[in-house]
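Novice: Here it is: the structure, laid out below.
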Amino acid sequence: MKKIVVFGGSNSKKSINKELAVYASGLAQNVEVSVLDLNEFSLPIYGIDEETENGVPKNAQNFFEKLQGADGIVLSLAEHNGNFSVAFKNVFDWMSRIEQKFWNNTPMLLMATSPGGRGGSSVLSIAKNGFPHMGGNIVADFSLPSFYDNFKDGSIVNEEFKDQLKGAVSAFQNAL
Ligand SMILES: Cc1cc2nc3c(=O)[nH]c(=O)nc-3n(C[C@H](O)[C@H](O)[C@H](O)COP(=O)(O)O)c2cc1C
């Protein structure tokens, strides 16, 4: 069975992006799902002095190994001021110090959601442009706007968005 790692690009304990990522992974069939939480990989803020003095932290290596062991990645990014959350960017920078193309060409379903009407489309666009330079293989993407209107009791309630996500999950699944 194909192994997929699933996480939100957020350190919020109530992350709506983690919730969306878990929901999307539940639409895939015959996959072994491993849900990660950035809070379980706490890391010092990346800095060249930190790296020179203390090396790459064990948690960064652990996260890297989770990514390398995956046949597929489901990631939903939180948008903070139009960009990555600090928590995600920090892991991202540590990963890039272990291996520049750390996404390893692994098929990725990339998503974003936010309570606002643009559904994290700025951060999604940043990631879509940037990840391919780092070994990213985005095979499908999806943005869910107005999370609290469109996602209720653990699932997407708007049929149009639900169908769109099902299409994205199916493209992801076919790429595994
Ligand atoms: C510092 C900060 C900046 C934010 N900037 C944006 C933004 O640029 N666009 C947006 O749609 N939502 C923005 N939000 C709202 C987030 O989308 C919202 O907090 C969401 O829950 C974050 O996802 P998460 O729950 O997965 O962490 C911001 C929130 C914070 C705390």
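Going through the structure tokens in order, the chains are called A, B, and so on, while each chain numbers its residues from 1 and the ligands are numbered from 1 in the order shown.
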For Phe64 (chain A), find every residue with an atom within 8 Å (counting only C-alpha atoms), except residues of its own chain fewer than 2 positions away, and show them as a PDB file with N, CA and C atoms, in the first residue's frame.

Specialist:
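Result file is around37.pdb:
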ATOM      1  N   ALA A  60      14.668  18.142  12.780  1.00  0.00           N
ATOM      2  CA  ALA A  60      14.693  18.472  11.349  1.00  0.00           C
ATOM      3  C   ALA A  60      15.013  17.205  10.566  1.00  0.00           C
ATOM      4  N   GLN A  61      15.979  16.446  11.054  1.00  0.00           N
ATOM      5  CA  GLN A  61      16.344  15.178  10.412  1.00  0.00           C
ATOM      6  C   GLN A  61      15.144  14.220  10.438  1.00  0.00           C
ATOM      7  N   ASN A  62      14.448  14.183  11.572  1.00  0.00           N
ATOM      8  CA  ASN A  62      13.284  13.289  11.698  1.00  0.00           C
ATOM      9  C   ASN A  62      12.200  13.657  10.688  1.00  0.00           C
ATOM     10  N   LYS A  66      10.689  11.507   7.420  1.00  0.00           N
ATOM     11  CA  LYS A  66       9.249  11.249   7.171  1.00  0.00           C
ATOM     12  C   LYS A  66       8.923  11.586   5.718  1.00  0.00           C
ATOM     13  N   LEU A  67       9.445  12.711   5.242  1.00  0.00           N
ATOM     14  CA  LEU A  67       9.162  13.117   3.846  1.00  0.00           C
ATOM     15  C   LEU A  67       9.790  12.134   2.857  1.00  0.00           C
ATOM     16  N   GLN A  68      11.011  11.711   3.153  1.00  0.00           N
ATOM     17  CA  GLN A  68      11.709  10.817   2.212  1.00  0.00           C
ATOM     18  C   GLN A  68      11.042   9.449   2.147  1.00  0.00           C
ATOM     19  N   MET A  95      14.819  22.024   6.202  1.00  0.00           N
ATOM     20  CA  MET A  95      14.823  20.930   5.208  1.00  0.00           C
ATOM     21  C   MET A  95      15.802  21.232   4.081  1.00  0.00           C
ATOM     22  N   ILE A  98      19.332  20.347   4.646  1.00  0.00           N
ATOM     23  CA  ILE A  98      19.682  18.918   4.595  1.00  0.00           C
ATOM     24  C   ILE A  98      19.832  18.505   3.134  1.00  0.00           C
ATOM     25  N   PHE A 102      14.567  18.818  -1.334  1.00  0.00           N
ATOM     26  CA  PHE A 102      14.087  17.902  -0.293  1.00  0.00           C
ATOM     27  C   PHE A 102      12.703  17.323  -0.568  1.00  0.00           C
TER      28      PHE A 102
END

Novice: Hey, which bits of chain A sit within 9 Å of ligand 1, and for each residue what's the closest pair of atoms and how far apart in Å (one decimal), counting only C-alpha atoms and all ligand atoms, rows by chain and increasing number, as a Markdown table?

Specialist:
| residue | atom | partner | partner_atom_place_in_ligand_line | distance |
| --- | --- | --- | --- | --- |
| A:Gly8 | CA | ligand 1 | 26 (O) | 6.2 |
| A:Gly9 | CA | ligand 1 | 26 (O) | 6.7 |
| A:Ser10 | CA | ligand 1 | 27 (O) | 4.7 |
| A:Asn11 | CA | ligand 1 | 27 (O) | 6.4 |
| A:Ser12 | CA | ligand 1 | 27 (O) | 4.8 |
| A:Lys13 | CA | ligand 1 | 27 (O) | 8.0 |
| A:Lys14 | CA | ligand 1 | 25 (O) | 6.0 |
| A:Ser15 | CA | ligand 1 | 25 (O) | 3.4 |
| A:Ile16 | CA | ligand 1 | 25 (O) | 4.0 |
| A:Asn17 | CA | ligand 1 | 26 (O) | 3.8 |
| A:Lys18 | CA | ligand 1 | 26 (O) | 5.9 |
| A:Glu19 | CA | ligand 1 | 26 (O) | 7.7 |
| A:Leu20 | CA | ligand 1 | 26 (O) | 8.6 |
| A:Ser76 | CA | ligand 1 | 26 (O) | 7.7 |
| A:Leu77 | CA | ligand 1 | 26 (O) | 6.8 |
| A:Ala78 | CA | ligand 1 | 23 (O) | 4.1 |
| A:Glu79 | CA | ligand 1 | 7 (C) | 5.0 |
| A:His80 | CA | ligand 1 | 5 (N) | 3.5 |
| A:Asn81 | CA | ligand 1 | 8 (O) | 3.3 |
| A:Gly82 | CA | ligand 1 | 8 (O) | 3.8 |
| A:Asn83 | CA | ligand 1 | 8 (O) | 6.6 |
| A:Ser85 | CA | ligand 1 | 27 (O) | 7.7 |
| A:Ala112 | CA | ligand 1 | 26 (O) | 8.4 |
| A:Thr113 | CA | ligand 1 | 17 (O) | 6.8 |
| A:Ser114 | CA | ligand 1 | 17 (O) | 3.9 |
| A:Pro115 | CA | ligand 1 | 17 (O) | 5.6 |
| A:Gly116 | CA | ligand 1 | 11 (O) | 4.8 |
| A:Gly117 | CA | ligand 1 | 11 (O) | 7.1 |
| A:Arg118 | CA | ligand 1 | 11 (O) | 6.0 |
| A:Gly119 | CA | ligand 1 | 11 (O) | 5.7 |
| A:Gly120 | CA | ligand 1 | 11 (O) | 4.8 |
| A:Ser121 | CA | ligand 1 | 11 (O) | 7.7 |
| A:Ser122 | CA | ligand 1 | 9 (N) | 7.6 |
| A:Val123 | CA | ligand 1 | 8 (O) | 8.2 |
| A:Pro145 | CA | ligand 1 | 11 (O) | 8.2 |
| A:Ser146 | CA | ligand 1 | 11 (O) | 8.6 |
| A:Phe147 | CA | ligand 1 | 21 (O) | 8.6 |

Novice: Excluding same-chain residues fewer than 5 positions from Leu176 (chain A), what lies within 8 Å of it counting only C-alpha atoms, as number ranges by chain?

Specialist: A: 2, 71-72, 107

Novice: I'd like to know which of A:Phe151, A:Ser143, A:Leu109, A:Lys3 is closest to Gln29 (chain A), using only C-alpha atoms.

Specialist: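 The closest residue to Gln29 (chain A) is A:Lys3.
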
Novice: Which of these, A:Glu53, A:Asp93, A:Asp149, A:Asp141, has the shortest distance to Val169 (chain A) once you count only C-alpha atoms?

Specialist: A:Asp141

Novice: Tell me, counting only C-alpha atoms, for each residue of region 54-171 of chain A within 9 Å of region 32-39 of chain A, which pair of atoms is nearest and how far apart they are in Å to one decimal, in rows ordered by chain and increasing number, as a tab-separated table.

Specialist:
residue	atom	partner	partner_atom	distance
A:Phe63	CA	A:Leu36	CA	8.8
A:Lys66	CA	A:Leu36	CA	8.8
A:Ala87	CA	A:Leu38	CA	7.4
A:Phe88	CA	A:Leu38	CA	7.7
A:Val91	CA	A:Leu38	CA	8.2

Novice: Kindly export the residues of the current selection with all heavy atoms, as a compact mmCIF listing (two decimals), in the first residue's frame.

Specialist:
# COMPACT_ATOMS: atom_id res chain seq x y z
N PHE A 63 11.94 14.95 10.56
CA PHE A 63 10.90 15.40 9.62
C PHE A 63 11.33 15.06 8.19
O PHE A 63 10.53 14.59 7.39
CB PHE A 63 10.64 16.90 9.79
CG PHE A 63 9.36 17.35 9.15
CD1 PHE A 63 8.14 17.19 9.81
CD2 PHE A 63 9.34 17.91 7.88
CE1 PHE A 63 6.94 17.58 9.22
CE2 PHE A 63 8.15 18.31 7.28
CZ PHE A 63 6.96 18.14 7.95
N LYS A 66 10.69 11.51 7.42
CA LYS A 66 9.25 11.25 7.17
C LYS A 66 8.92 11.59 5.72
O LYS A 66 8.20 10.85 5.05
CB LYS A 66 8.37 12.11 8.08
CG LYS A 66 8.52 11.83 9.56
CD LYS A 66 7.69 10.65 9.98
CE LYS A 66 7.75 10.46 11.49
NZ LYS A 66 7.33 9.11 11.91
N ALA A 87 6.05 29.01 11.24
CA ALA A 87 6.34 27.62 11.63
C ALA A 87 6.69 26.78 10.40
O ALA A 87 7.64 25.99 10.41
CB ALA A 87 5.15 27.01 12.36
N PHE A 88 5.92 26.96 9.32
CA PHE A 88 6.21 26.19 8.12
C PHE A 88 7.52 26.65 7.49
O PHE A 88 8.36 25.84 7.08
CB PHE A 88 5.06 26.29 7.09
CG PHE A 88 5.40 25.58 5.81
CD1 PHE A 88 5.30 24.20 5.74
CD2 PHE A 88 5.88 26.28 4.71
CE1 PHE A 88 5.66 23.52 4.58
CE2 PHE A 88 6.25 25.61 3.55
CZ PHE A 88 6.13 24.23 3.48
N VAL A 91 10.56 25.11 9.20
CA VAL A 91 10.82 23.71 8.83
C VAL A 91 11.37 23.66 7.40
O VAL A 91 12.34 22.94 7.11
CB VAL A 91 9.52 22.87 8.90
CG1 VAL A 91 9.76 21.45 8.44
CG2 VAL A 91 8.95 22.87 10.29

Novice: Using CA of Tyr23 (chain A) and CA of Ser155 (chain A) as the two end points, give the distance in Å to one decimal.

Specialist: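 According to the coordinates, CA of Tyr23 (chain A) and CA of Ser155 (chain A) are separated by 6.7 Å.
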
Novice: Quick check for you: according to DSSP on this backbone, which residues of chain A are classed as strand (DSSP E)? Reply as a CSV table (one decimal) with N, CA, C and O atoms, in the first residue's frame.

Specialist:
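Result went into result-v2.csv, see below:
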chain,number,residue,atom,x,y,z
A,2,LYS,N,0.5,2.3,-0.8
A,2,LYS,CA,1.2,3.5,-0.8
A,2,LYS,C,1.1,4.3,0.5
A,2,LYS,O,0.0,4.3,1.1
A,3,LYS,N,2.2,4.9,0.9
A,3,LYS,CA,2.3,5.6,2.1
A,3,LYS,C,2.2,7.1,1.8
A,3,LYS,O,3.0,7.6,1.0
A,4,ILE,N,1.2,7.8,2.5
A,4,ILE,CA,1.2,9.3,2.3
A,4,ILE,C,1.4,10.0,3.6
A,4,ILE,O,0.9,9.5,4.6
A,5,VAL,N,2.1,11.1,3.6
A,5,VAL,CA,2.2,11.9,4.8
A,5,VAL,C,1.4,13.1,4.6
A,5,VAL,O,1.3,13.7,3.5
A,6,VAL,N,0.7,13.5,5.6
A,6,VAL,CA,-0.3,14.5,5.6
A,6,VAL,C,0.0,15.5,6.7
A,6,VAL,O,0.2,15.2,7.8
A,7,PHE,N,0.0,16.8,6.3
A,7,PHE,CA,0.2,17.8,7.4
A,7,PHE,C,-0.3,19.2,7.0
A,7,PHE,O,-0.5,19.5,5.8
A,8,GLY,N,-0.5,20.0,8.0
A,8,GLY,CA,-0.8,21.4,7.7
A,8,GLY,C,0.4,22.3,7.9
A,8,GLY,O,1.3,22.0,8.7
A,9,GLY,N,0.5,23.4,7.1
A,9,GLY,CA,1.7,24.3,7.2
A,9,GLY,C,1.4,25.3,8.3
A,9,GLY,O,1.4,26.5,8.0
A,31,VAL,N,-4.6,3.8,0.8
A,31,VAL,CA,-3.4,4.4,1.1
A,31,VAL,C,-3.2,4.3,2.6
A,31,VAL,O,-4.1,4.3,3.4
A,32,GLU,N,-1.9,4.3,3.0
A,32,GLU,CA,-1.6,4.3,4.5
A,32,GLU,C,-1.3,5.7,4.8
A,32,GLU,O,-0.4,6.3,4.3
A,33,VAL,N,-2.1,6.3,5.7
A,33,VAL,CA,-2.0,7.7,6.0
A,33,VAL,C,-1.2,8.0,7.3
A,33,VAL,O,-1.5,7.3,8.3
A,34,SER,N,-0.2,8.8,7.2
A,34,SER,CA,0.5,9.2,8.4
A,34,SER,C,0.3,10.7,8.6
A,34,SER,O,0.8,11.5,7.7
A,35,VAL,N,-0.4,11.1,9.6
A,35,VAL,CA,-0.6,12.6,9.9
A,35,VAL,C,0.5,13.1,10.7
A,35,VAL,O,0.8,12.6,11.8
A,72,GLY,N,3.6,9.8,-1.3
A,72,GLY,CA,2.9,11.0,-1.6
A,72,GLY,C,2.8,11.9,-0.4
A,72,GLY,O,2.9,11.5,0.7
A,73,ILE,N,2.6,13.2,-0.7
A,73,ILE,CA,2.5,14.2,0.3
A,73,ILE,C,1.2,15.0,0.1
A,73,ILE,O,0.9,15.5,-1.0
A,74,VAL,N,0.4,15.2,1.2
A,74,VAL,CA,-0.7,16.0,1.2
A,74,VAL,C,-0.5,17.2,2.2
A,74,VAL,O,-0.3,16.9,3.4
A,75,LEU,N,-0.4,18.4,1.6
A,75,LEU,CA,0.0,19.5,2.5
A,75,LEU,C,-1.0,20.7,2.2
A,75,LEU,O,-1.3,21.0,1.1
A,76,SER,N,-1.5,21.2,3.3
A,76,SER,CA,-2.3,22.4,3.2
A,76,SER,C,-1.7,23.6,4.0
A,76,SER,O,-1.4,23.4,5.1
A,77,LEU,N,-1.4,24.6,3.3
A,77,LEU,CA,-0.6,25.7,3.8
A,77,LEU,C,-1.5,26.8,4.5
A,77,LEU,O,-2.5,27.3,3.8
A,79,GLU,N,-2.0,30.6,5.5
A,79,GLU,CA,-1.5,31.9,4.9
A,79,GLU,C,-1.4,33.0,6.0
A,79,GLU,O,-2.4,33.3,6.6
A,80,HIS,N,-0.2,33.5,6.2
A,80,HIS,CA,0.0,34.6,7.2
A,80,HIS,C,0.6,35.8,6.4
A,80,HIS,O,1.7,35.7,5.8
A,83,ASN,N,1.7,34.9,3.0
A,83,ASN,CA,2.9,34.1,2.8
A,83,ASN,C,2.8,32.9,3.7
A,83,ASN,O,1.8,32.7,4.4
A,84,PHE,N,3.9,32.1,3.8
A,84,PHE,CA,4.0,30.9,4.7
A,84,PHE,C,3.9,31.4,6.1
A,84,PHE,O,4.3,32.5,6.5
A,107,PRO,N,5.1,12.9,-5.5
A,107,PRO,CA,3.8,13.5,-5.8
A,107,PRO,C,3.1,14.2,-4.7
A,107,PRO,O,3.0,13.7,-3.6
A,108,MET,N,2.7,15.5,-4.9
A,108,MET,CA,2.1,16.3,-3.8
A,108,MET,C,0.7,16.8,-4.2
A,108,MET,O,0.5,17.3,-5.3
A,109,LEU,N,-0.2,16.7,-3.3
A,109,LEU,CA,-1.4,17.4,-3.4
A,109,LEU,C,-1.3,18.6,-2.5
A,109,LEU,O,-1.1,18.5,-1.3
A,110,LEU,N,-1.3,19.8,-3.1
A,110,LEU,CA,-1.0,21.1,-2.4
A,110,LEU,C,-2.3,21.9,-2.2
A,110,LEU,O,-3.0,22.1,-3.2
A,111,MET,N,-2.5,22.3,-1.0
A,111,MET,CA,-3.8,23.0,-0.8
A,111,MET,C,-3.5,24.2,0.1
A,111,MET,O,-2.5,24.4,0.7
A,112,ALA,N,-4.6,25.0,0.2
A,112,ALA,CA,-4.5,26.1,1.2
A,112,ALA,C,-6.0,26.5,1.5
A,112,ALA,O,-6.9,26.3,0.7
A,113,THR,N,-6.2,26.9,2.8
A,113,THR,CA,-7.5,27.4,3.1
A,113,THR,C,-7.4,28.5,4.1
A,113,THR,O,-6.3,28.6,4.8
A,137,ASN,N,6.9,18.2,-6.7
A,137,ASN,CA,6.1,17.6,-7.8
A,137,ASN,C,4.6,17.7,-7.5
A,137,ASN,O,4.0,16.8,-7.0
A,138,ILE,N,4.1,19.0,-7.7
A,138,ILE,CA,2.7,19.2,-7.4
A,138,ILE,C,1.9,18.7,-8.5
A,138,ILE,O,1.9,19.2,-9.6
A,139,VAL,N,1.1,17.6,-8.2
A,139,VAL,CA,0.3,17.0,-9.2
A,139,VAL,C,-1.1,17.5,-9.2
A,139,VAL,O,-1.9,17.3,-10.1
A,140,ALA,N,-1.5,18.1,-8.1
A,140,ALA,CA,-2.9,18.7,-8.0
A,140,ALA,C,-2.9,19.8,-6.9
A,140,ALA,O,-2.1,19.7,-6.0
A,141,ASP,N,-3.7,20.8,-7.1
A,141,ASP,CA,-3.8,21.8,-6.0
A,141,ASP,C,-5.3,22.2,-5.9
A,141,ASP,O,-6.1,22.0,-6.7
A,142,PHE,N,-5.5,22.8,-4.7
A,142,PHE,CA,-6.9,23.1,-4.3
A,142,PHE,C,-6.9,24.2,-3.3
A,142,PHE,O,-6.1,24.2,-2.4
A,143,SER,N,-7.8,25.2,-3.5
A,143,SER,CA,-7.9,26.2,-2.4
A,143,SER,C,-9.4,26.2,-2.0
A,143,SER,O,-10.3,26.3,-2.8
A,144,LEU,N,-9.5,26.2,-0.7
A,144,LEU,CA,-10.9,26.3,-0.1
A,144,LEU,C,-11.1,27.7,0.5
A,144,LEU,O,-10.5,28.0,1.6
A,151,PHE,N,-16.8,24.4,5.3
A,151,PHE,CA,-16.4,23.2,5.9
A,151,PHE,C,-17.1,23.1,7.3
A,151,PHE,O,-16.9,23.9,8.1
A,152,LYS,N,-17.9,22.1,7.4
A,152,LYS,CA,-18.7,21.9,8.7
A,152,LYS,C,-18.7,20.5,9.1
A,152,LYS,O,-18.8,19.6,8.3
A,155,SER,N,-16.4,18.0,7.2
A,155,SER,CA,-16.4,17.8,5.8
A,155,SER,C,-16.8,19.1,5.0
A,155,SER,O,-17.4,20.0,5.6
A,156,ILE,N,-16.5,19.1,3.7
A,156,ILE,CA,-16.8,20.2,2.9
A,156,ILE,C,-18.3,20.1,2.6
A,156,ILE,O,-18.8,19.1,2.1

Novice: Between CA of Ala70 (chain A) and CA of Ala171 (chain A), what is the spacing in Å?

Specialist: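 It comes out at 17.0 Å.
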
Novice: According to DSSP computed on the backbone, where in chain A is there helix (DSSP H, G or I)? Give the residues as a PyMOL selection string.

Specialist: chain A and resi 16-26+38-40+48-54+58-68+86-98+121-134+147-150+159-175
